[in-house]
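Data file: data_0.txt. Format and content: compact mmCIF, C-alpha atoms.
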# COMPACT_ATOMS: atom_id res chain seq x y z
CA MET A 1 169.01 -115.64 34.95
CA GLU A 2 167.69 -119.21 34.89
CA TRP A 3 165.15 -118.66 32.10
CA CYS A 4 167.98 -117.82 29.70
CA LYS A 5 169.40 -121.33 30.15
CA ARG A 6 166.10 -122.90 29.08
CA LEU A 7 165.58 -120.88 25.91
CA PRO A 8 165.30 -122.75 22.58
CA ARG A 9 168.50 -122.67 20.56
CA LYS A 10 167.13 -120.27 17.93
CA VAL A 11 165.95 -117.78 20.58
CA ALA A 12 169.26 -117.99 22.46
CA ALA A 13 171.03 -117.21 19.17
CA LYS A 14 168.92 -114.03 18.80
CA VAL A 15 169.93 -112.94 22.30
CA VAL A 16 173.62 -113.44 21.52
CA SER A 17 173.42 -111.69 18.14
CA ALA A 18 171.75 -108.71 19.85
CA GLY A 19 174.88 -108.28 21.99
CA PHE A 20 173.61 -109.65 25.31
CA GLY A 21 175.46 -112.98 25.33
CA ASP A 22 178.31 -111.92 27.66
CA PHE A 23 175.95 -109.95 29.86
CA LEU A 24 173.55 -112.82 30.54
CA SER A 25 176.21 -115.53 30.80
CA HIS A 26 178.14 -113.50 33.40
CA LEU A 27 175.31 -112.13 35.53
CA PRO A 28 176.77 -112.73 38.98
CA VAL A 29 174.99 -114.01 42.04
CA ALA A 30 176.28 -111.41 44.45
CA ASP A 31 175.47 -110.00 47.86
CA ARG A 32 174.77 -106.32 47.42
CA ASP A 33 176.38 -103.39 49.24
CA ARG A 34 173.23 -101.32 49.11
CA LYS A 35 174.73 -98.62 51.34
CA LEU A 36 177.57 -97.78 48.93
CA PRO A 37 175.36 -96.28 46.17
CA VAL A 38 173.62 -94.20 48.84
CA ALA A 39 176.95 -92.69 49.91
CA LEU A 40 177.85 -92.11 46.26
CA ALA A 41 174.51 -90.39 45.63
CA GLU A 42 175.43 -87.76 48.23
CA ARG A 43 178.24 -86.69 45.89
CA TRP A 44 176.13 -86.72 42.72
CA TRP A 45 175.04 -83.48 41.07
CA ASP A 46 172.34 -83.67 38.43
CA SER A 47 173.55 -80.30 37.17
CA THR A 48 176.62 -82.06 35.72
CA ASN A 49 175.64 -85.75 35.97
CA SER A 50 178.83 -86.49 37.83
CA PHE A 51 180.19 -87.21 41.30
CA HIS A 52 181.91 -84.19 42.84
CA LEU A 53 184.75 -85.79 44.78
CA PRO A 54 187.32 -84.01 46.95
CA PHE A 55 189.80 -83.75 44.06
CA ARG A 56 187.59 -83.42 40.93
CA GLU A 57 184.53 -84.72 39.10
CA MET A 58 184.12 -88.33 38.01
CA THR A 59 181.26 -90.31 36.52
CA LEU A 60 180.24 -93.62 35.00
CA THR A 61 181.54 -93.38 31.42
CA THR A 62 180.28 -95.33 28.43
CA LEU A 63 183.43 -97.48 28.51
CA ASP A 64 183.00 -98.13 32.24
CA PHE A 65 179.42 -99.26 31.64
CA THR A 66 180.41 -101.58 28.81
CA CYS A 67 183.40 -103.12 30.59
CA ILE A 68 181.33 -103.74 33.72
CA THR A 69 178.25 -105.21 32.01
CA GLY A 70 179.53 -106.58 28.70
CA VAL A 71 177.03 -104.66 26.57
CA ALA A 72 178.19 -101.91 24.22
CA VAL A 73 176.75 -98.39 24.15
CA GLY A 74 175.76 -97.09 20.72
CA GLY A 75 173.22 -97.81 18.01
CA LEU A 76 169.97 -96.47 16.63
CA PRO A 77 167.62 -94.50 18.90
CA ILE A 78 164.94 -96.75 20.35
CA PRO A 79 161.54 -95.98 18.73
CA TRP A 80 159.41 -95.53 21.84
CA ASP A 81 155.65 -95.66 21.34
CA TYR A 82 153.59 -94.99 24.45
CA ASN A 83 150.33 -95.47 22.53
CA VAL A 84 150.97 -99.19 22.10
CA ARG A 85 148.85 -99.93 25.17
CA LYS A 86 145.76 -98.75 23.26
CA ASN A 87 146.22 -101.34 20.50
CA ALA A 88 145.38 -104.79 21.88
CA ASN A 89 145.54 -106.37 18.41
CA TYR A 90 149.11 -105.14 17.90
CA ILE A 91 150.16 -106.43 21.34
CA LYS A 92 148.68 -109.86 20.63
CA GLU A 93 150.35 -109.94 17.22
CA GLN A 94 153.75 -109.20 18.78
CA LEU A 95 153.51 -111.29 21.97
CA GLY A 96 150.87 -113.88 21.20
CA TRP A 97 148.83 -112.78 24.23
CA VAL A 98 147.61 -109.59 25.89
CA PRO A 99 149.01 -109.25 29.43
CA ALA A 100 147.24 -107.38 32.19
CA PHE A 101 148.38 -103.79 32.73
CA THR A 102 149.43 -102.61 36.20
CA SER A 103 149.57 -98.98 35.10
CA ALA A 104 149.38 -97.06 31.83
CA GLY A 105 151.08 -99.42 29.41
CA ALA A 106 153.22 -101.29 31.98
CA ILE A 107 153.09 -104.99 32.81
CA ARG A 108 154.68 -107.02 35.61
CA VAL A 109 157.85 -108.78 34.56
CA THR A 110 156.79 -111.72 36.74
CA ASP A 111 153.64 -112.11 34.62
CA ILE A 112 155.82 -112.72 31.55
CA LEU A 113 157.74 -115.48 33.32
CA SER A 114 154.54 -117.04 34.68
CA PHE A 115 152.94 -117.12 31.23
CA TYR A 116 155.84 -119.07 29.75
CA LYS A 117 156.58 -121.24 32.80
CA ASP A 118 154.59 -124.26 31.59
CA LYS A 119 153.96 -123.20 28.00
CA VAL A 120 155.12 -125.68 25.36
CA ILE A 121 156.91 -123.98 22.47
CA ASP A 122 157.08 -125.56 19.04
CA LYS A 123 160.76 -125.14 18.19
CA ASN A 124 159.96 -125.26 14.47
CA ASP A 125 157.27 -122.57 14.61
CA ASP A 126 158.95 -119.27 13.75
CA VAL A 127 155.92 -117.24 14.92
CA GLN A 128 155.98 -118.79 18.41
CA LEU A 129 159.75 -118.36 18.60
CA ALA A 130 159.41 -114.67 17.66
CA HIS A 131 156.77 -114.20 20.39
CA LEU A 132 159.08 -115.86 22.91
CA THR A 133 162.06 -113.74 21.80
CA ARG A 134 160.16 -110.48 22.31
CA ALA A 135 158.76 -111.63 25.66
CA PHE A 136 162.20 -112.68 26.90
CA PHE A 137 163.74 -109.33 25.97
CA LEU A 138 160.98 -107.49 27.83
CA TYR A 139 161.58 -109.70 30.87
CA MET A 140 165.37 -109.40 30.71
CA LEU A 141 165.32 -105.60 30.30
CA GLY A 142 162.73 -105.23 33.06
CA ARG A 143 164.89 -107.29 35.41
CA THR A 144 168.22 -105.63 34.64
CA LEU A 145 169.09 -102.59 32.50
CA LEU A 146 165.66 -100.92 32.56
CA SER A 147 164.38 -102.19 35.90
CA ASN A 148 162.36 -99.92 38.17
CA THR A 149 161.19 -99.97 41.76
CA VAL A 150 157.89 -101.75 41.06
CA GLU A 151 159.23 -104.52 38.76
CA THR A 152 157.27 -103.54 35.67
CA ILE A 153 158.21 -103.02 32.03
CA HIS A 154 156.44 -100.70 29.62
CA LEU A 155 155.22 -102.05 26.29
CA CYS A 156 156.44 -98.89 24.56
CA TYR A 157 159.53 -100.95 23.61
CA LEU A 158 157.57 -103.32 21.36
CA PRO A 159 158.23 -101.38 18.10
CA ALA A 160 161.98 -101.95 18.61
CA LEU A 161 161.34 -105.69 19.07
CA GLU A 162 159.20 -106.18 15.97
CA ASP A 163 162.07 -107.43 13.80
CA VAL A 164 163.78 -109.98 16.06
CA ASP A 165 166.81 -109.99 13.77
CA ARG A 166 167.43 -106.26 14.32
CA ILE A 167 166.95 -105.95 18.08
CA GLY A 168 170.68 -105.43 18.52
CA ASP A 169 170.66 -102.42 16.19
CA TYR A 170 169.14 -100.23 18.92
CA ASN A 171 170.92 -98.45 21.76
CA TRP A 172 169.55 -100.52 24.67
CA GLU A 173 172.76 -99.97 26.59
CA GLY A 174 172.45 -96.18 26.33
CA ALA A 175 168.94 -96.54 27.72
CA GLY A 176 170.41 -98.58 30.59
CA MET A 177 172.92 -95.83 31.38
CA ALA A 178 170.16 -93.21 31.20
CA THR A 179 168.12 -95.22 33.71
CA LEU A 180 171.06 -95.36 36.13
CA TYR A 181 171.69 -91.62 35.76
CA ASN A 182 168.04 -90.71 36.24
CA PHE A 183 167.57 -92.86 39.33
CA ILE A 184 170.74 -91.71 41.11
CA SER A 185 169.70 -88.12 40.35
CA ALA A 186 166.34 -88.82 42.01
CA VAL A 187 168.05 -90.42 45.03
CA SER A 188 170.44 -87.46 45.38
CA ARG A 189 167.43 -85.10 45.38
CA ARG A 190 165.65 -87.33 47.93
CA LEU A 191 162.81 -87.86 45.50
CA THR A 192 163.06 -91.62 46.07
CA LYS A 193 164.88 -94.01 48.38
CA ASN A 194 164.99 -96.79 45.82
CA ARG A 195 167.45 -97.28 42.98
CA GLY A 196 166.49 -98.46 39.51
CA GLY A 197 168.33 -99.79 36.51
CA TYR A 198 171.03 -102.41 36.98
CA SER A 199 172.30 -100.68 40.12
CA PHE A 200 174.99 -103.31 40.78
CA VAL A 201 176.95 -101.31 38.18
CA TRP A 202 177.44 -98.49 40.71
CA GLU A 203 178.94 -100.92 43.23
CA VAL A 204 181.33 -102.50 40.74
CA TRP A 205 182.31 -99.03 39.46
CA ALA A 206 183.23 -97.91 42.98
CA TYR A 207 185.11 -101.16 43.65
CA GLU A 208 187.12 -101.04 40.45
CA ILE A 209 187.80 -97.33 39.94
CA LEU A 210 187.53 -95.68 43.37
CA GLN A 211 188.88 -98.89 44.96
CA LEU A 212 186.33 -98.80 47.77
CA SER A 213 185.73 -102.54 47.93
CA PRO A 214 185.22 -103.91 51.47
CA TYR A 215 186.00 -107.43 50.20
CA LYS A 216 189.10 -109.53 49.74
CA LEU A 217 188.79 -111.67 46.62
CA LYS A 218 189.76 -115.33 46.33
CA GLN A 219 190.96 -114.89 42.75
CA ASP A 220 192.18 -111.55 41.49
CA GLU A 221 190.86 -111.91 37.89
CA ARG A 222 191.85 -108.37 36.89
CA ASP A 223 191.62 -109.24 33.21
CA VAL A 224 188.11 -110.72 33.27
CA LEU A 225 185.41 -109.06 31.16
CA PRO A 226 182.68 -108.18 31.88
CA ARG A 227 184.13 -106.97 35.15
CA MET A 228 180.98 -107.55 37.21
CA TRP A 229 181.79 -111.28 37.12
CA ARG A 230 184.83 -110.62 39.29
CA TRP A 231 182.58 -109.55 42.17
CA ARG A 232 180.32 -112.62 42.34
CA SER A 233 179.68 -113.85 45.89
CA CYS A 234 181.60 -117.11 45.50
CA ASN A 235 184.77 -115.14 44.67
CA ARG A 236 184.66 -113.08 47.85
CA ALA A 237 186.85 -114.49 50.61
CA SER A 238 185.96 -112.13 53.44
CA ARG A 239 184.72 -108.66 54.30
CA GLN A 240 187.52 -106.37 55.43
CA SER A 241 185.48 -103.32 56.42
CA PRO A 242 181.90 -102.59 57.53
CA SER A 243 179.09 -101.98 55.06
CA THR A 244 177.47 -98.83 56.41
CA VAL A 245 176.66 -95.49 54.84
CA GLU A 246 178.88 -93.76 57.37
CA HIS A 247 181.87 -95.97 56.55
CA PHE A 248 181.54 -95.42 52.81
CA ARG A 249 180.93 -91.70 53.34
CA ARG A 250 184.18 -91.34 55.30
CA ALA A 251 186.07 -93.37 52.69
CA ILE A 252 184.81 -91.11 49.90
CA ASP A 253 185.61 -87.96 51.90
CA ILE A 254 189.31 -88.82 52.12
CA ILE A 255 189.78 -90.24 48.64
CA ASN A 256 192.40 -88.55 46.45
CA SER A 257 193.64 -88.88 42.90
CA GLU A 258 196.38 -91.32 43.94
CA ASN A 259 193.73 -93.76 45.18
CA VAL A 260 191.89 -93.82 41.85
CA ASN A 261 192.47 -96.52 39.25
CA TRP A 262 192.65 -94.31 36.16
CA LEU A 263 193.24 -97.25 33.79
CA PRO A 264 190.93 -100.02 35.04
CA PHE A 265 190.34 -101.56 31.61
CA PRO A 266 193.54 -101.89 29.51
CA ALA A 267 192.84 -100.74 25.95
CA MET A 268 194.86 -103.50 24.28
CA ALA A 269 192.70 -106.19 25.89
CA LEU A 270 189.31 -104.79 24.82
CA PRO A 271 187.21 -106.85 22.38
CA SER A 272 186.10 -105.12 19.19
CA LEU A 273 182.54 -104.95 20.56
CA TYR A 274 183.76 -102.50 23.22
CA LEU A 275 185.54 -100.07 20.92
CA LYS A 276 182.43 -98.03 20.08
CA SER A 277 181.87 -97.40 23.78
CA LYS A 278 185.49 -96.31 24.13
CA GLU A 279 185.01 -93.86 21.25
CA LEU A 280 181.85 -92.42 22.81
CA THR A 281 183.66 -91.82 26.11
CA ALA A 282 185.29 -88.74 24.55
CA THR A 283 181.97 -87.11 23.64
CA ARG A 284 179.04 -85.13 24.95
CA LEU A 285 176.33 -87.75 24.48
CA LEU A 286 172.56 -87.60 24.97
CA LEU A 287 171.32 -90.86 26.49
CA ASP A 288 167.70 -91.74 25.72
CA GLY A 289 165.92 -93.87 28.31
CA PRO A 290 162.40 -94.70 29.51
CA MET A 291 162.55 -91.94 32.15
CA GLY A 292 163.64 -89.35 29.60
CA ARG A 293 166.81 -88.05 27.96
CA ILE A 294 169.87 -87.23 30.02
CA TYR A 295 173.40 -86.08 29.20
CA TYR A 296 176.67 -87.92 29.61
CA LEU A 297 179.29 -85.14 29.67
CA GLY A 298 182.66 -86.58 28.72
CA GLU A 299 184.23 -83.12 28.75
CA ARG A 300 183.71 -82.87 32.51
CA VAL A 301 185.63 -86.08 33.27
CA ILE A 302 188.47 -85.66 30.80
CA ARG A 303 190.98 -87.21 33.21
CA GLN A 304 188.94 -90.43 33.09
CA VAL A 305 188.66 -90.21 29.31
CA TYR A 306 192.42 -89.93 28.87
CA ALA A 307 193.40 -92.33 31.67
CA GLY A 308 194.80 -90.02 34.31
CA VAL A 309 196.05 -87.12 32.20
CA CYS A 310 195.35 -83.96 34.18
CA ALA A 311 193.84 -81.66 31.58
CA LYS A 312 192.26 -78.26 31.41
CA GLN A 313 189.00 -77.50 33.16
CA SER A 314 185.84 -78.42 31.27
CA PRO A 315 183.60 -75.90 29.50
CA HIS A 316 180.18 -74.90 30.77
CA ARG A 317 177.45 -77.51 30.90
CA PRO A 318 174.86 -77.55 28.07
CA SER A 319 172.27 -74.79 28.16
CA ASP A 320 169.56 -77.43 27.64
CA MET A 321 170.73 -79.61 30.56
CA TYR A 322 167.28 -79.56 32.12
CA SER A 323 165.24 -79.35 28.91
CA THR A 324 166.55 -82.31 26.92
CA ASP A 325 163.07 -83.34 25.81
CA THR A 326 162.81 -80.16 23.75
CA ILE A 327 165.93 -80.90 21.66
CA SER A 328 165.09 -81.59 18.01
CA GLY A 329 166.38 -81.50 14.44
CA ASN A 330 170.09 -81.47 13.70
CA ARG A 331 170.93 -80.70 17.30
CA LEU A 332 169.16 -83.88 18.44
CA HIS A 333 170.93 -85.96 15.78
CA ASP A 334 174.33 -84.59 16.82
CA VAL A 335 174.02 -85.18 20.56
CA LEU A 336 172.46 -88.63 20.16
CA HIS A 337 175.53 -89.66 18.16
CA GLY A 338 177.96 -87.78 20.42
CA LEU A 339 179.71 -84.42 20.05
CA SER A 340 183.50 -84.68 20.22
CA ILE A 341 184.76 -83.06 23.41
CA ALA A 342 187.59 -81.44 21.42
CA SER A 343 184.99 -79.20 19.75
CA LEU A 344 183.62 -77.98 23.07
CA TYR A 345 186.68 -76.20 24.42
CA PRO A 346 187.20 -72.49 23.83
CA ASP A 347 190.47 -71.44 22.25
CA PRO A 348 192.39 -70.31 24.18
CA PRO A 349 190.94 -72.12 27.23
CA PRO A 350 190.00 -69.95 30.24
CA TYR A 351 191.88 -72.23 32.65
CA ALA A 352 194.89 -74.39 31.87
CA THR A 353 194.31 -77.00 34.59
CA TYR A 354 191.69 -78.09 37.08
CA ASP A 355 193.81 -76.70 39.94
CA GLU A 356 193.84 -73.30 38.25
CA PHE A 357 190.07 -73.51 37.88
CA VAL A 358 189.72 -74.24 41.62
CA ARG A 359 191.94 -71.29 42.56
CA SER A 360 190.38 -68.85 40.10
CA ARG A 361 186.74 -69.93 40.09
CA LEU A 362 185.94 -71.61 43.38
CA MET A 363 188.16 -69.98 46.00
CA LYS A 364 186.81 -66.88 47.68
CA PRO A 365 188.70 -63.80 46.42
CA MET A 366 191.45 -62.49 48.68
CA THR A 367 190.73 -59.11 50.26
CA SER A 368 194.43 -58.41 50.80
CA SER A 369 197.79 -59.69 49.65
CA THR A 370 198.19 -61.66 52.87
CA LEU A 371 197.81 -65.40 52.40
CA PRO A 372 196.29 -67.64 55.09
CA PRO A 373 198.78 -69.23 57.47
CA SER A 374 200.29 -72.46 56.14
CA GLY A 375 198.07 -75.47 56.77
CA LYS A 376 194.92 -73.47 57.46
CA GLU A 377 191.86 -74.96 55.83
CA CYS A 378 189.90 -72.89 53.38
CA ILE A 379 186.48 -74.50 53.75
CA ILE A 380 183.75 -73.42 51.34
CA HIS A 381 180.75 -74.75 49.56
CA ILE A 382 181.12 -74.72 45.80
CA CYS A 383 177.64 -73.23 45.44
CA ASP A 384 178.79 -70.14 47.33
CA GLN A 385 180.92 -69.18 44.34
CA LEU A 386 178.61 -70.12 41.49
CA PRO A 387 176.81 -67.42 39.51
CA ARG A 388 173.16 -66.68 40.22
CA SER A 389 172.08 -68.70 37.17
CA GLU A 390 173.48 -71.83 38.82
CA ALA A 391 172.07 -71.17 42.26
CA THR A 392 169.84 -74.24 42.08
CA THR A 393 172.84 -76.57 42.05
CA PRO A 394 172.67 -78.69 45.23
CA SER A 395 175.43 -78.02 47.76
CA LEU A 396 177.80 -80.76 48.85
CA LYS A 397 176.75 -82.72 51.90
CA HIS A 398 180.22 -82.11 53.36
CA PRO A 399 182.58 -79.15 52.90
CA ILE A 400 185.51 -79.45 50.52
CA ASN A 401 188.95 -78.83 52.05
CA TYR A 402 191.04 -77.08 49.41
CA PRO A 403 194.77 -76.45 49.93
CA PRO A 404 195.71 -73.03 51.35

Final structure tokens representation of the file:
Amino acid sequence: MEWCKRLPRKVAAKVVSAGFGDFLSHLPVADRDRKLPVALAERWWDSTNSFHLPFREMTLTTLDFTCITGVAVGGLPIPWDYNVRKNANYIKEQLGWVPAFTSAGAIRVTDILSFYKDKVIDKNDDVQLAHLTRAFFLYMLGRTLLSNTVETIHLCYLPALEDVDRIGDYNWEGAGMATLYNFISAVSRRLTKNRGGYSFVWEVWAYEILQLSPYKLKQDERDVLPRMWRWRSCNRASRQSPSTVEHFRRAIDIINSENVNWLPFPAMALPSLYLKSKELTATRLLLDGPMGRIYYLGERVIRQVYAGVCAKQSPHRPSDMYSTDTISGNRLHDVLHGLSIASLYPDPPPYATYDEFVRSRLMKPMTSSTLPPSGKECIIHICDQLPRSEATTPSLKHPINYPP
């Protein structure tokens, strides 16, 4: 992001203190595998906010997001205010100008850059520097973590940017994860063909954890953080496989637990900034973003949380999975800060392992004591065995082949 390099020293210091220093200094120039997220979206269920792979569920965890981008999840809820657009005086007070709206309360991120392109900033004027700081954050968020398909940013974020010394107190990273979750849910439902948020995260996640990279790298750099820097274009030696939806779909169909990198980010090497995200990985967490609230369910991906330990099957999803905007009071406080997954399991658990869950919950019941012949596929759709209350869960695009 070239504008970042031209910021006055005081403004650049605000960006670093807000926790975006590593993110902006390591934004890679990279060719995008735009077909890979499409193939991933075919495995995404918005009923669990996870990918249903041939061997179990997986998702983008808070630690994955932080290690890939360099920004930590956690902080105060962002004070959205969608009525800001009605107060031109407030907007001018915060930004120093009143930009043109493209829709209700949204402005083009390119208009922000154009306004400051030739504008001379007095580096000793704290008011001008504060205006520039707020404008840069709107531009940066609209280009990366909170980007959308029409390249606009809503001014509802302005209340969180009022005090430029406290911008980093808010959970911008959680909003970025919520944006990724919401957009891939929309793609999986065929409500849109376009992906929003910093969608390069999905590609890096698949490269690092599912090991689906079609590239050979010049330098391995397995210890580099944020990990997205490893996949910059200039570090790619050659493409070793085609970049088509069909290729990635076949690769995902045959993936198994032995192919997965269960410990992609060694705990001993993590900076202190990342530790909060690691803690939140083992929670049920409500992410609050511009498209609405959405759950991260750590209890459904417990093998990721505990680095490959095959644990008991997860409990039922939240009853308010599709009504998160109605959550309030103590319940809202608890899920915004994360409920420990240890508190979510019944005692004793209904199933000891995921394999037992598959046999007892997903397999069609036997009508006799005769087992299928050895090697015979038992092909079903998971939705066939779900209770009526879960009948709206989308079926897999391809059948799952469970062992006989």

May I have the residues within 10 Å of A:Ala13 as a compact mmCIF listing (two decimals) with C-alpha atoms, in the coordinates of the input, using all atoms listed in the file and disregarding those fewer than 5 positions away in the same chain?
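Result saved to part-v8.txt:
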# COMPACT_ATOMS: atom_id res chain seq x y z
CA LEU A 7 165.58 -120.88 25.91
CA PRO A 8 165.30 -122.75 22.58
CA ALA A 18 171.75 -108.71 19.85
CA GLY A 21 175.46 -112.98 25.33
CA THR A 133 162.06 -113.74 21.80
CA ASP A 165 166.81 -109.99 13.77

Report as a PyMOL selection string all protein, DNA and RNA residues lying within 10 Å of A:Asp126, evaluated on all atoms listed in the file, omitting residues in the same chain fewer than 5 positions from it. chain A and resi 10-11+131-132

Given the selection you just returned, output its residues as a file containing C-alpha atoms, formatted as a PDB file, in the frame of the given file.
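Final output, saved to again-v2.pdb:
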ATOM      1  CA  LYS A  10     167.130-120.270  17.930  1.00  0.00           C
ATOM      2  CA  VAL A  11     165.950-117.780  20.580  1.00  0.00           C
ATOM      3  CA  HIS A 131     156.770-114.200  20.390  1.00  0.00           C
ATOM      4  CA  LEU A 132     159.080-115.860  22.910  1.00  0.00           C
TER       5      LEU A 132
END

Select, counting only C-alpha atoms, all protein, DNA and RNA residues no farther than 10 Å from (164.4, -107.8, 16.5) in file coordinates, and express the selection as a list in words.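 Those residues, ordered by chain and then number, are Lys14, Val15, Ser17, Ala18, Ala130, Thr133, Arg134, Phe137, Leu158, Pro159, Ala160, Leu161, Glu162, Asp163, Val164, Asp165, Arg166, Ile167, Gly168, Asp169 and Tyr170 of chain A.
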
Find the nearest atom pair between each residue of stretch 37-155 of chain A and stretch 209-221 of chain A for residues within 10 Å, count all atoms listed in the file, give distances in Å to one decimal, sort rows by chain and ascending number, and present the table as CSV.
residue,atom,partner,partner_atom,distance
A:Met58,CA,A:Leu210,CA,9.7
A:Leu60,CA,A:Ile209,CA,9.8
A:Asp64,CA,A:Ile209,CA,9.1

Is there a way to get, as a list in words, all residues within 9 Å of the point (176.5, -96.8, 31.5) in file coordinates, counting all atoms listed in the file?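 Result, sorted by chain then residue number: Leu60, Thr61, Thr62, Leu63, Asp64, Phe65, Thr66, Ile68, Thr69, Val73, Glu173, Gly174, Ala175, Gly176, Met177, Ala178, Thr179, Leu180, Tyr181 and Val201 of chain A.
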
Contacts of stretch 258-264 of chain A at 12 Å (all atoms listed in the file; same-chain gap of 4+ positions) as a PyMOL selection string: chain A and resi 53-56+58+63-64+67-68+204-212+222-225+227+251-252+254+268-270+301-310

Closest to A:Gly19 among A:Ile112, A:Val71, A:Leu141, A:Val187, using all atoms listed in the file?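 Closest to A:Gly19 of all the choices is A:Val71.
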